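First comes the structure, then the notes that go with it.
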Amino acid sequence: MPEATTYRNALPLQSMLLEYRLESVLGAGGFGMTYLGRDTHLEKHVAIKEYLPTDIAVRALDGSIVPITGELHREYQWGLDRFILEARTLAKFSHPHIVRVSRYFQANGTGYMVMDYEKGESLYQMLKRGAQPDEAKLKSILMPLLDGLEAVHATGFLHRDIKPSNIFVRASGSPVLIDFGAARQAIGGVTKSLTSVLTPGYAPLEQYSSNGHQGPWSDIYAMAGVLYRALVNDNPPDAVSRMKGDTLPGKLATARGRVSEPFLRAIEWALALDEKQRPQSVQEWKRALEGRAAVPAMAGMAPQPSSTAAAATLPNTQPLPAARRSAPQPPEKSRSGWRWMGIAAVLLVAVLAVSAWNKQRSAQTAARGDSPAPEAKAPKSGPAAGEQPSADSRDTSRARPERERADRPGDTQRPALEEFRKKIAQEFKSADRDGDGYLSRAEVQGRFAFIDREFGRVDADGDGRISPEEFWRMRRFQAEQRLKKQQ
């Protein structure tokens, strides 16, 4: 039988805290200690959380909490005030999926909040056992929590520490969001060093800075990180390391096929590094998760390199008309991307040159008088009855198709375009490793940087894969943009 964990900073067990007898320690973190207590008046168990920021305070011999130095007293008191404000705010809620605070008080130089004690286990414990919840199970946990989180956001508060261990699943299967120990009244702009508490992998980039722009989108990022953990069976990479080399999209792509495409795209959207590219409210994200709203075209997991590059990205559905081609595409990072774009540009230059030469030749021929003046359209009934066409007219009728074919630019351009199409088809075939006739997200990663970055926009029909026609349309668009830039 494993030994019980010893918490050296905890109050003595069986000691009394007002009318509550402390029976055990449920857990401890950087900002507090949580006890299992017995309400001796109501004869029921409760959970009691104590404010104890271990970085700046310690427990004295008399059981009170004191700052480590006098200089830290102001910071300690500021944190204590936020803790009490937090408890007061949570006490106003009566939401079935937010932990209920029934009482709060101050003692021992610190603060306490009394919460309902729930039987069950955390999502962290469930996933640690090897459970692999499907989409239906994940939604049965996620959607009620989002309802509760939306109610919290409406009061101007954030949770700011959402992770699997802070999602509790009751014995009945009903989820509840617990441990608002990192919650602060941050939407109003309050920023202190204590608000920088975070859990790597689940904390968004803006939470790493004391002046980061935090809001509902910050909690949404963390909740999407929880879904990532459930689908990939690994913690998400931390936001700072993602800026150097983002492995998250590739790993998340392994879940494609196990969950619906709208669900997966909504998770990708919420995990965007740039907070402006994420859903800005819980309601907005819920609609995308349920497939009732499309993920915005500009949403992505990596910040856009610039506004100019963003303006040149592909639309969601049909090919770009010439009027919308406003800026060159970002070049591919691979050598093959540069080589094929060079080939495409050369072929298109050749096509335009042949077309211009044909037009010039036609103009010169007309100036010399070698071709007859434009004729009036012949009557639909043809020659008069019994009249045979003259030899000259027969010769002219035979020569006209030849001349028209020579003046038609499509005939002379067709070989170059066909060659271009063949090369693009070969490029597609070499990337289609499983030979299913489509390119998956995994197949484009590391090979076509632009497609990987704008996968949702290249995938015009939204089926989670790139068809040959979608690939051709994107490559043609890139070639035209490069040619336009060269001109």
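If you're wondering about the labels, chains in the structure tokens are A, B, ... by order shown, residues count from 1 in each chain, ligands from 1 in order shown.
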| Can you list, as a PyMOL selection string, every protein, DNA or RNA residue that comes within 10 Å of Val25 in chain A when you count only C-alpha atoms, leaving out same-chain residues fewer than 6 positions away? | chain A and resi 4-7+10-13+33-37+47-49
Please, could you write that set of residues out with N, CA and C atoms as a JSON list (two decimals), in the first residue's frame?
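Output (selection07.json):
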[["chain", "number", "residue", "atom", "x", "y", "z"],
["A", 4, "ALA", "N", 0.86, 7.66, 2.28],
["A", 4, "ALA", "CA", 0.12, 8.90, 2.04],
["A", 4, "ALA", "C", 1.10, 10.05, 1.87],
["A", 5, "THR", "N", 0.78, 10.97, 0.98],
["A", 5, "THR", "CA", 1.64, 12.12, 0.74],
["A", 5, "THR", "C", 1.64, 13.02, 1.97],
["A", 6, "THR", "N", 2.84, 13.49, 2.35],
["A", 6, "THR", "CA", 2.98, 14.39, 3.49],
["A", 6, "THR", "C", 3.07, 15.82, 3.00],
["A", 7, "TYR", "N", 2.24, 16.69, 3.51],
["A", 7, "TYR", "CA", 2.25, 18.11, 3.15],
["A", 7, "TYR", "C", 2.76, 18.89, 4.35],
["A", 10, "ALA", "N", 0.92, 22.10, 5.58],
["A", 10, "ALA", "CA", -0.50, 21.99, 5.89],
["A", 10, "ALA", "C", -0.77, 22.22, 7.38],
["A", 11, "LEU", "N", -1.98, 22.63, 7.68],
["A", 11, "LEU", "CA", -2.41, 22.72, 9.08],
["A", 11, "LEU", "C", -2.51, 21.30, 9.66],
["A", 12, "PRO", "N", -2.35, 21.12, 10.94],
["A", 12, "PRO", "CA", -2.43, 19.79, 11.54],
["A", 12, "PRO", "C", -3.80, 19.15, 11.29],
["A", 13, "LEU", "N", -3.79, 17.89, 10.89],
["A", 13, "LEU", "CA", -5.05, 17.19, 10.67],
["A", 13, "LEU", "C", -5.78, 16.99, 11.99],
["A", 33, "MET", "N", -3.63, 25.59, -0.56],
["A", 33, "MET", "CA", -3.76, 24.22, -0.03],
["A", 33, "MET", "C", -5.25, 23.92, 0.08],
["A", 34, "THR", "N", -5.65, 22.70, -0.31],
["A", 34, "THR", "CA", -7.07, 22.33, -0.24],
["A", 34, "THR", "C", -7.24, 21.14, 0.69],
["A", 35, "TYR", "N", -8.15, 21.28, 1.64],
["A", 35, "TYR", "CA", -8.38, 20.26, 2.66],
["A", 35, "TYR", "C", -9.76, 19.62, 2.48],
["A", 36, "LEU", "N", -9.86, 18.37, 2.91],
["A", 36, "LEU", "CA", -11.16, 17.74, 3.08],
["A", 36, "LEU", "C", -11.58, 18.00, 4.53],
["A", 37, "GLY", "N", -12.67, 18.74, 4.69],
["A", 37, "GLY", "CA", -13.12, 19.09, 6.03],
["A", 37, "GLY", "C", -14.49, 18.49, 6.33],
["A", 47, "ALA", "N", -15.00, 20.89, 0.98],
["A", 47, "ALA", "CA", -13.62, 21.15, 0.56],
["A", 47, "ALA", "C", -13.28, 22.58, 0.97],
["A", 48, "ILE", "N", -12.14, 22.76, 1.61],
["A", 48, "ILE", "CA", -11.74, 24.08, 2.10],
["A", 48, "ILE", "C", -10.41, 24.47, 1.45],
["A", 49, "LYS", "N", -10.40, 25.59, 0.78],
["A", 49, "LYS", "CA", -9.17, 26.05, 0.15],
["A", 49, "LYS", "C", -8.58, 27.20, 0.94]]
| Could you pull the residues within 9 Å of Met474 in chain A, counting only C-alpha atoms, minus those fewer than 3 positions along the same chain, as a PyMOL selection string? | chain A and resi 314+319+451+458+469-471+477-479
| task | Write out as a list in words each polymer residue whose atoms come within 9 Å of Phe105 in chain A, counting only C-alpha atoms; drop sequence neighbours fewer than 5 positions from it. | result |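 The residues that qualify are Ile84, Thr110, Gly111, Tyr112, Met113 and Val114 of chain A.
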| query | Among range 83-297 of chain A, which residues carry a DSSP assignment of strand (DSSP E or B), reported as a PyMOL selection string? | reply | chain A and resi 98+101-107+110-116+120-122+167-170+175-177+256+259
Please produce a file of those selected residues containing C-alpha atoms, as a CSV table (one decimal), in the first residue's frame.
chain,number,residue,atom,x,y,z
A,98,ILE,CA,-18.9,25.6,-11.7
A,101,VAL,CA,-18.5,28.3,-3.0
A,102,SER,CA,-20.8,28.3,0.1
A,103,ARG,CA,-18.7,30.5,2.4
A,104,TYR,CA,-15.5,32.4,2.7
A,105,PHE,CA,-13.7,33.9,5.7
A,106,GLN,CA,-10.3,35.1,7.0
A,107,ALA,CA,-8.3,33.5,9.8
A,110,THR,CA,-5.0,34.4,5.4
A,111,GLY,CA,-8.2,33.6,3.6
A,112,TYR,CA,-10.4,30.5,3.2
A,113,MET,CA,-13.2,29.5,0.9
A,114,VAL,CA,-15.6,26.6,1.6
A,115,MET,CA,-16.8,24.6,-1.3
A,116,ASP,CA,-19.1,21.6,-1.9
A,120,GLY,CA,-15.6,11.4,-8.6
A,121,GLU,CA,-12.2,11.9,-10.3
A,122,SER,CA,-10.4,14.5,-12.4
A,167,ILE,CA,-11.8,19.4,-14.6
A,168,PHE,CA,-13.6,17.2,-12.2
A,169,VAL,CA,-16.1,14.5,-13.4
A,170,ARG,CA,-18.6,13.6,-10.8
A,175,PRO,CA,-18.4,17.7,-15.2
A,176,VAL,CA,-17.5,20.6,-13.0
A,177,LEU,CA,-14.8,23.2,-13.4
A,256,ARG,CA,-8.2,13.3,-38.3
A,259,VAL,CA,-13.4,13.0,-34.9
| said: What parts of range 21-265 of chain A does DSSP call helix (DSSP H, G or I)? I'd like the answer as number ranges by chain. | reply: A: 70-91, 123-128, 135-154, 164-166, 193-196, 205-208, 216-232, 239-244, 248-255, 261-265
Contacts of Val282 in chain A within 12 Å, only C-alpha atoms, excl. fewer than 2 positions in-chain, as a short mmCIF file (atom, residue, chain, number, x, y, z; two decimals) with C-alpha atoms, in the first residue's frame:
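The result, stored in around_31.cif:
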data_model
loop_
_atom_site.label_atom_id
_atom_site.label_comp_id
_atom_site.auth_asym_id
_atom_site.auth_seq_id
_atom_site.Cartn_x
_atom_site.Cartn_y
_atom_site.Cartn_z
CA LEU A 142 -16.83 20.04 -22.76
CA MET A 143 -20.17 21.64 -23.59
CA PRO A 144 -21.50 21.89 -20.00
CA LEU A 145 -18.15 23.32 -18.89
CA LEU A 146 -18.32 25.96 -21.63
CA ASP A 147 -21.76 26.98 -20.37
CA GLY A 148 -20.27 27.50 -16.93
CA LEU A 149 -17.20 29.27 -18.27
CA GLU A 150 -19.39 31.65 -20.25
CA ALA A 151 -21.19 32.60 -17.03
CA VAL A 152 -17.84 33.30 -15.34
CA HIS A 153 -16.65 35.46 -18.25
CA ALA A 154 -19.86 37.47 -18.10
CA LEU A 158 -11.15 34.45 -16.07
CA GLY A 215 -9.54 37.65 -22.12
CA PRO A 216 -12.07 34.86 -22.77
CA TRP A 217 -9.88 33.76 -25.70
CA SER A 218 -7.17 32.86 -23.15
CA ASP A 219 -9.41 30.35 -21.34
CA ILE A 220 -10.60 29.07 -24.72
CA TYR A 221 -6.98 28.30 -25.70
CA MET A 223 -9.74 24.39 -22.99
CA ALA A 224 -8.65 23.52 -26.54
CA ALA A 266 -12.54 24.37 -34.13
CA ALA A 270 -8.75 27.93 -30.62
CA ARG A 278 -8.84 32.76 -31.93
CA PRO A 279 -12.55 32.71 -31.08
CA GLN A 280 -13.23 35.82 -29.01
CA GLU A 284 -18.53 31.82 -30.97
CA TRP A 285 -16.36 28.75 -30.32
CA LYS A 286 -19.33 26.57 -29.37
CA ARG A 287 -20.98 27.22 -32.72
CA ALA A 288 -17.84 26.10 -34.53
CA LEU A 289 -17.43 22.99 -32.34
#
| CA of Thr89 in chain A and CA of Phe157 in chain A, how far apart in Å? | 8.7 Å
| message | Report, in Å with one decimal, the straight-line distance from CA of Gly109 in chain A to CA of Arg59 in chain A. | response |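 Separating CA of Gly109 in chain A from CA of Arg59 in chain A is a distance of 9.8 Å.
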| field | A:Asp234, A:Asp436, A:Glu19, A:Asp459 ranked by distance to Asp39 in chain A, top pick (using only C-alpha atoms) | value | A:Glu19
| message | Need the shell around Ala60 in chain A: protein/DNA/RNA residues with any atom at most 10 Å away, counting only C-alpha atoms. Skip same-chain ones fewer than 6 positions apart. Format as a ChimeraX atom specification? | response | /A:9,66-67,108
| Å distance separating CA of Phe263 in chain A from CA of Arg292 in chain A, one decimal place |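 Taking CA of Phe263 in chain A as the start and CA of Arg292 in chain A as the end point, the length is 10.5 Å.
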| request: Tell me which protein, DNA and RNA residues are within 12 Å of His73 in chain A, counting only C-alpha atoms, leaving out same-chain ones fewer than 5 positions away, and put them as a list in words. | output: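 The residues satisfying every condition are Pro53, Ile56, Ala57, Val58, Ile65, Val66, Pro67, Ile68, Trp78, Gly79, Leu80 and Gly109 of chain A.
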| What lies within 10 Å of Ser260 in chain A using only C-alpha atoms, ignoring chain neighbours under 5 positions off, as JSON, numbers by chain? | {"A": [135, 255, 265, 289, 290, 291, 463, 464]}
